[in-house]
>>> print(open('input38.txt').read())   # compact mmCIF, C-alpha atoms
# COMPACT_ATOMS: atom_id res chain seq x y z
CA ASP V 4 -89.89 -38.66 238.15
CA GLY V 5 -92.09 -41.71 238.44
CA GLY V 6 -95.68 -41.45 237.46
CA ILE V 7 -98.46 -42.15 235.01
CA THR V 8 -98.79 -40.33 231.73
CA GLN V 9 -101.86 -40.19 229.59
CA SER V 10 -102.05 -38.78 226.13
CA PRO V 11 -103.52 -36.84 224.60
CA LYS V 12 -105.04 -34.51 227.19
CA TYR V 13 -107.90 -33.60 224.85
CA LEU V 14 -109.20 -35.76 222.03
CA PHE V 15 -111.89 -35.13 219.48
CA ARG V 16 -113.42 -37.91 217.47
CA LYS V 17 -116.00 -38.10 214.76
CA GLU V 18 -118.86 -40.50 215.21
CA GLY V 19 -118.07 -43.94 213.84
CA GLN V 20 -114.33 -43.70 214.41
CA ASN V 21 -112.25 -45.80 216.75
CA VAL V 22 -109.78 -43.94 218.92
CA THR V 23 -106.99 -45.14 221.22
CA LEU V 24 -106.07 -43.50 224.51
CA SER V 25 -102.55 -43.99 225.77
CA CYS V 26 -101.55 -44.84 229.35
CA GLU V 27 -97.94 -45.39 230.39
CA GLN V 28 -96.49 -45.86 233.87
CA ASN V 29 -92.89 -46.03 235.04
CA LEU V 30 -93.72 -47.00 238.62
CA ASN V 31 -93.16 -50.72 237.98
CA HIS V 32 -96.72 -51.34 239.12
CA ASP V 33 -98.33 -54.67 238.39
CA ALA V 34 -101.98 -53.71 237.99
CA MET V 35 -103.49 -51.07 235.74
CA TYR V 36 -107.03 -49.77 235.43
CA TRP V 37 -109.19 -47.65 233.15
CA TYR V 38 -112.05 -45.57 234.53
CA ARG V 39 -114.64 -43.41 232.92
CA GLN V 40 -115.90 -40.29 234.70
CA ASP V 41 -119.18 -38.59 233.84
CA PRO V 42 -120.66 -35.65 235.72
CA GLY V 43 -122.50 -36.82 238.82
CA GLN V 44 -121.58 -40.48 238.34
CA GLY V 45 -118.20 -40.80 239.94
CA LEU V 46 -115.65 -43.19 238.47
CA ARG V 47 -116.75 -46.37 236.76
CA LEU V 48 -114.35 -49.20 235.96
CA ILE V 49 -113.98 -50.11 232.28
CA TYR V 50 -111.17 -52.68 232.26
CA TYR V 51 -108.35 -53.75 234.50
CA SER V 52 -105.22 -55.82 234.17
CA GLN V 53 -103.28 -57.47 236.95
CA ILE V 54 -100.54 -58.96 234.82
CA VAL V 55 -99.10 -58.68 231.33
CA ASN V 56 -101.19 -60.36 228.60
CA ASP V 57 -104.20 -60.66 230.87
CA PHE V 58 -107.10 -58.30 231.53
CA GLN V 59 -110.67 -58.41 232.81
CA LYS V 60 -113.83 -56.48 232.07
CA GLY V 61 -115.02 -53.97 234.58
CA ASP V 62 -118.55 -52.68 235.05
CA ILE V 63 -118.91 -50.84 231.73
CA ALA V 64 -116.66 -52.67 229.22
CA GLU V 65 -119.07 -52.68 226.28
CA GLY V 66 -117.72 -50.67 223.37
CA TYR V 67 -114.16 -50.63 224.70
CA SER V 68 -111.10 -52.82 224.20
CA VAL V 69 -107.65 -52.95 225.82
CA SER V 70 -104.32 -54.69 225.52
CA ARG V 71 -101.48 -55.30 227.98
CA GLU V 72 -98.44 -56.34 225.98
CA LYS V 73 -95.98 -54.57 228.27
CA LYS V 74 -96.06 -54.05 232.01
CA GLU V 75 -95.81 -50.28 231.66
CA SER V 76 -98.47 -49.77 229.00
CA PHE V 77 -102.25 -50.25 229.00
CA PRO V 78 -103.89 -48.54 226.00
CA LEU V 79 -107.66 -48.20 225.77
CA THR V 80 -109.51 -48.23 222.46
CA VAL V 81 -112.91 -46.60 222.31
CA THR V 82 -114.70 -48.30 219.45
CA SER V 83 -117.58 -47.09 217.32
CA ALA V 84 -119.78 -49.52 219.26
CA GLN V 85 -119.58 -47.28 222.33
CA LYS V 86 -122.85 -45.35 222.17
CA ASN V 87 -121.93 -42.37 224.28
CA PRO V 88 -118.15 -42.05 224.46
CA THR V 89 -117.88 -38.39 225.41
CA ALA V 90 -116.36 -38.45 228.90
CA PHE V 91 -113.23 -37.99 230.98
CA TYR V 92 -111.03 -41.10 231.02
CA LEU V 93 -108.63 -41.86 233.85
CA CYS V 94 -105.91 -44.47 233.96
CA ALA V 95 -104.55 -45.80 237.26
CA SER V 96 -102.02 -48.30 238.52
CA THR V 97 -101.14 -50.02 241.74
CA PRO V 98 -98.44 -52.39 242.95
CA PHE V 99 -99.24 -55.76 244.42
CA SER V 100 -98.36 -56.34 248.02
CA GLY V 101 -98.94 -59.13 250.46
CA ARG V 102 -102.23 -57.52 251.44
CA ALA V 103 -104.98 -57.65 248.82
CA GLY V 104 -106.87 -54.40 248.47
CA TYR V 105 -104.37 -52.48 250.60
CA ASN V 106 -102.49 -50.42 248.06
CA GLU V 107 -103.87 -47.14 246.87
CA GLN V 108 -104.20 -46.53 243.17
CA PHE V 109 -102.11 -43.87 241.47
CA PHE V 110 -103.86 -41.88 238.79
CA GLY V 111 -102.81 -40.21 235.57
CA PRO V 112 -103.95 -36.71 234.55
CA GLY V 113 -106.77 -38.03 232.36
CA THR V 114 -107.91 -37.67 228.75
CA ARG V 115 -111.05 -35.73 227.88
CA LEU V 116 -112.71 -37.33 224.85
CA THR V 117 -115.34 -35.46 222.89
CA VAL V 118 -117.31 -36.98 220.06
CA LEU V 119 -118.31 -34.46 217.43
CA ALA R 25 -123.05 -56.07 246.75
CA GLN R 26 -120.54 -53.39 247.55
CA LYS R 27 -121.56 -49.78 247.38
CA VAL R 28 -120.31 -46.37 248.44
CA THR R 29 -122.73 -43.50 248.93
CA GLN R 30 -121.78 -39.85 249.10
CA ALA R 31 -125.12 -38.15 249.56
CA GLN R 32 -123.76 -34.60 249.36
CA THR R 33 -123.43 -33.68 245.72
CA GLU R 34 -122.15 -30.15 246.30
CA ILE R 35 -121.14 -28.16 249.35
CA SER R 36 -120.28 -24.48 249.42
CA VAL R 37 -118.57 -22.88 252.40
CA VAL R 38 -116.79 -19.66 253.15
CA GLU R 39 -113.08 -19.76 253.86
CA LYS R 40 -112.18 -20.71 257.46
CA GLU R 41 -115.39 -22.63 258.00
CA ASP R 42 -115.18 -26.29 258.98
CA VAL R 43 -116.82 -28.76 256.63
CA THR R 44 -117.60 -32.48 256.85
CA LEU R 45 -117.95 -34.74 253.83
CA ASP R 46 -120.05 -37.83 254.43
CA CYS R 47 -119.35 -41.35 253.18
CA VAL R 48 -121.47 -44.43 253.84
CA TYR R 49 -120.47 -47.84 252.52
CA GLU R 50 -121.95 -51.30 252.14
CA THR R 51 -119.99 -54.56 252.03
CA ARG R 52 -120.38 -58.14 253.16
CA ASP R 53 -116.65 -58.52 253.63
CA THR R 54 -115.24 -58.44 257.14
CA THR R 55 -111.88 -57.24 255.85
CA TYR R 56 -111.81 -54.20 253.60
CA TYR R 57 -110.10 -50.87 253.07
CA LEU R 58 -111.58 -47.40 252.73
CA PHE R 59 -109.96 -44.53 250.89
CA TRP R 60 -110.43 -40.83 250.30
CA TYR R 61 -109.18 -39.13 247.13
CA LYS R 62 -109.13 -35.48 246.11
CA GLN R 63 -109.68 -34.40 242.50
CA PRO R 64 -108.64 -30.77 241.93
CA PRO R 65 -109.71 -28.93 238.77
CA SER R 66 -106.65 -30.33 236.94
CA GLY R 67 -108.39 -33.72 236.96
CA GLU R 68 -105.83 -36.06 238.50
CA LEU R 69 -106.98 -37.93 241.60
CA VAL R 70 -104.75 -37.55 244.63
CA PHE R 71 -104.71 -40.14 247.40
CA LEU R 72 -105.45 -38.72 250.86
CA ILE R 73 -105.90 -41.61 253.27
CA ARG R 74 -106.47 -45.34 253.66
CA ARG R 75 -108.20 -47.02 256.61
CA ASN R 76 -108.57 -50.76 257.16
CA SER R 77 -111.70 -52.31 258.59
CA PHE R 78 -110.04 -53.35 261.83
CA ASP R 79 -108.75 -49.92 262.72
CA GLU R 80 -111.44 -47.58 263.98
CA GLN R 81 -109.08 -44.98 265.35
CA ASN R 82 -109.76 -41.52 264.08
CA GLU R 83 -106.93 -39.90 262.19
CA ILE R 84 -105.81 -36.31 261.97
CA SER R 85 -103.39 -34.86 259.45
CA GLY R 86 -103.04 -31.12 259.73
CA ARG R 87 -106.43 -29.59 258.92
CA TYR R 88 -107.82 -32.93 257.76
CA SER R 89 -109.42 -35.51 260.00
CA TRP R 90 -111.28 -38.73 259.37
CA ASN R 91 -113.91 -40.45 261.49
CA PHE R 92 -114.43 -44.16 260.82
CA GLN R 93 -117.44 -45.76 262.51
CA LYS R 94 -118.04 -49.40 261.69
CA SER R 95 -121.34 -49.42 263.58
CA THR R 96 -122.82 -46.97 261.10
CA SER R 97 -120.67 -48.01 258.10
CA SER R 98 -119.43 -44.47 257.74
CA PHE R 99 -116.07 -42.92 256.99
CA ASN R 100 -116.49 -39.16 257.17
CA PHE R 101 -113.91 -36.54 256.28
CA THR R 102 -113.64 -33.18 258.01
CA ILE R 103 -111.65 -30.18 256.83
CA THR R 104 -111.02 -27.65 259.58
CA ALA R 105 -110.59 -23.97 258.72
CA SER R 106 -111.17 -24.56 255.02
CA GLN R 107 -109.11 -22.74 252.41
CA VAL R 108 -109.75 -21.88 248.78
CA VAL R 109 -107.15 -24.50 247.78
CA ASP R 110 -109.41 -27.16 249.29
CA SER R 111 -111.90 -26.60 246.47
CA ALA R 112 -112.12 -29.91 244.62
CA VAL R 113 -114.19 -33.02 244.15
CA TYR R 114 -113.65 -35.53 246.93
CA PHE R 115 -114.20 -39.24 246.43
CA CYS R 116 -114.65 -41.98 248.99
CA ALA R 117 -113.79 -45.51 247.82
CA LEU R 118 -113.89 -49.10 249.08
CA SER R 119 -111.72 -52.09 248.20
CA GLU R 120 -112.00 -55.75 249.05
CA ALA R 121 -109.26 -57.45 250.99
CA GLY R 122 -110.59 -60.99 251.14
CA GLY R 123 -109.46 -64.03 249.14
CA GLY R 124 -109.39 -63.42 245.41
CA ALA R 125 -109.48 -59.66 245.85
CA THR R 126 -108.45 -57.81 242.73
CA ASN R 127 -107.49 -54.44 244.20
CA LYS R 128 -110.53 -52.94 242.50
CA LEU R 129 -111.92 -49.76 243.98
CA ILE R 130 -115.62 -49.00 244.28
CA PHE R 131 -116.06 -45.23 244.18
CA GLY R 132 -118.80 -43.02 245.49
CA THR R 133 -120.20 -40.35 243.18
CA GLY R 134 -118.08 -37.64 244.77
CA THR R 135 -118.76 -34.39 246.60
CA LEU R 136 -117.87 -31.09 244.98
CA LEU R 137 -116.54 -28.72 247.63
CA ALA R 138 -116.41 -25.04 246.78
CA VAL R 139 -114.62 -22.81 249.26
CA GLN R 140 -115.41 -19.14 248.72
CA PRO R 141 -112.88 -16.47 249.75
>>> encode(input="input38.txt", output="structure tokens")
Amino acid sequence: DGGITQSPKYLFRKEGQNVTLSCEQNLNHDAMYWYRQDPGQGLRLIYYSQIVNDFQKGDIAEGYSVSREKKESFPLTVTSAQKNPTAFYLCASTPFSGRAGYNEQFFGPGTRLTVL
Amino acid sequence: AQKVTQAQTEISVVEKEDVTLDCVYETRDTTYYLFWYKQPPSGELVFLIRRNSFDEQNEISGRYSWNFQKSTSSFNFTITASQVVDSAVYFCALSEAGGGATNKLIFGTGTLLAVQP
């Protein structure tokens, strides 16, 4: 079955530690995205990548880093510089088509990160 | 600047009632797409519908219907005869379709719908 997997589902981190969230897709999609969801704030874009070895900052990139070494993988590292990392993190992907903005994004099940 | 506003934070209805979720958007683009997603308690967002800026026809899919009005920049979502399984957070989103568009989505803050049995 094609889809997006995120692991782990729940993650606990001590303050001052870096932690990496995994996102893998087997949909052969070109673009991948990371969102952060906080209660009452909807989804906010952290980073996105439209092609391998290239990525751009979203609206709230400070304290996060990403890599895109393979088309199917887009891991997110939450660094100790992120002041308030406790949140629900969602990964998404979308194919490119001839119409920019047309394709819906497909989402993974999310990772809930809690800083202790 | 692009923006999506979902003014209803939470709505509670009793099963079989009809309910409308409001979405108002702002964009300077003449070509754009609007989306609705459902987020059940499991957390994964599920795509419901896409509408492009040149198509103002209303759409109906089973108990779901969508009303797109460009004149008021609104894209409202109605669930007829609601069911407990409709309980979820619903997000409205906007994407650019002009030159240089990146397929980024701008999300509203979501509306939590609780359907009571």
>>> closest_residue(input="input38.txt", among="R:Arg52, R:Trp90, R:Leu58, R:Glu39", to="Phe131 of chain R", atoms="all atoms listed in the file")
R:Leu58
>>> closest_atom_pairs(input="input38.txt", of="chain R", to="chain V", cutoff="7 Å", atoms="all atoms listed in the file", output="tab-separated table")
residue	atom	partner	partner_atom	distance
R:Tyr57	CA	V:Tyr105	CA	6.4
R:Gly67	CA	V:Pro112	CA	5.9
R:Glu68	CA	V:Pro112	CA	4.4
R:Leu69	CA	V:Phe110	CA	5.8
R:Ser119	CA	V:Gly104	CA	5.4
R:Glu120	CA	V:Gly104	CA	5.3
R:Ala121	CA	V:Gly104	CA	4.6
R:Gly122	CA	V:Ala103	CA	6.9
R:Ala125	CA	V:Ala103	CA	5.8
R:Thr126	CA	V:Gly104	CA	6.9
R:Asn127	CA	V:Gly104	CA	4.3
R:Phe131	CA	V:Leu46	CA	6.1
R:Gly132	CA	V:Gly45	CA	6.0
R:Thr133	CA	V:Gly45	CA	3.8
R:Gly134	CA	V:Gly45	CA	5.8
>>> closest_residue(input="input38.txt", among="R:Ala25, R:Leu129, R:Leu118, R:Val37", to="Tyr56 of chain R", atoms="only C-alpha atoms")
R:Leu118
>>> closest_residue(input="input38.txt", among="R:Ala105, R:Ile84, R:Cys116, R:Val43", to="Gln30 of chain R", atoms="all atoms listed in the file")
R:Cys116
>>> residues_around(input="input38.txt", residues="Gly86 of chain R", least_positions_apart="6", cutoff="12 Å", atoms="only C-alpha atoms", output="number ranges by chain")
R: 72, 102-106
>>> axis_aligned_box(input="input38.txt", around="segment 66-80 of chain R", padding_each_side="8 Å", output="JSON")
{"center_x": -108.2, "center_y": -41.8, "center_z": 250.5, "size_x": 23.0, "size_y": 39.0, "size_z": 43.0}
>>> residues_around(input="input38.txt", residues="segment 18-21 of chain V", least_positions_apart="6", cutoff="8 Å", atoms="all atoms listed in the file", output="PyMOL selection string")
chain V and resi 80-84+118-119
>>> atom_distance(input="input38.txt", atom1="atom CA of Pro64 of chain R", atom2="atom CA of Val108 of chain R")
11.3 Å
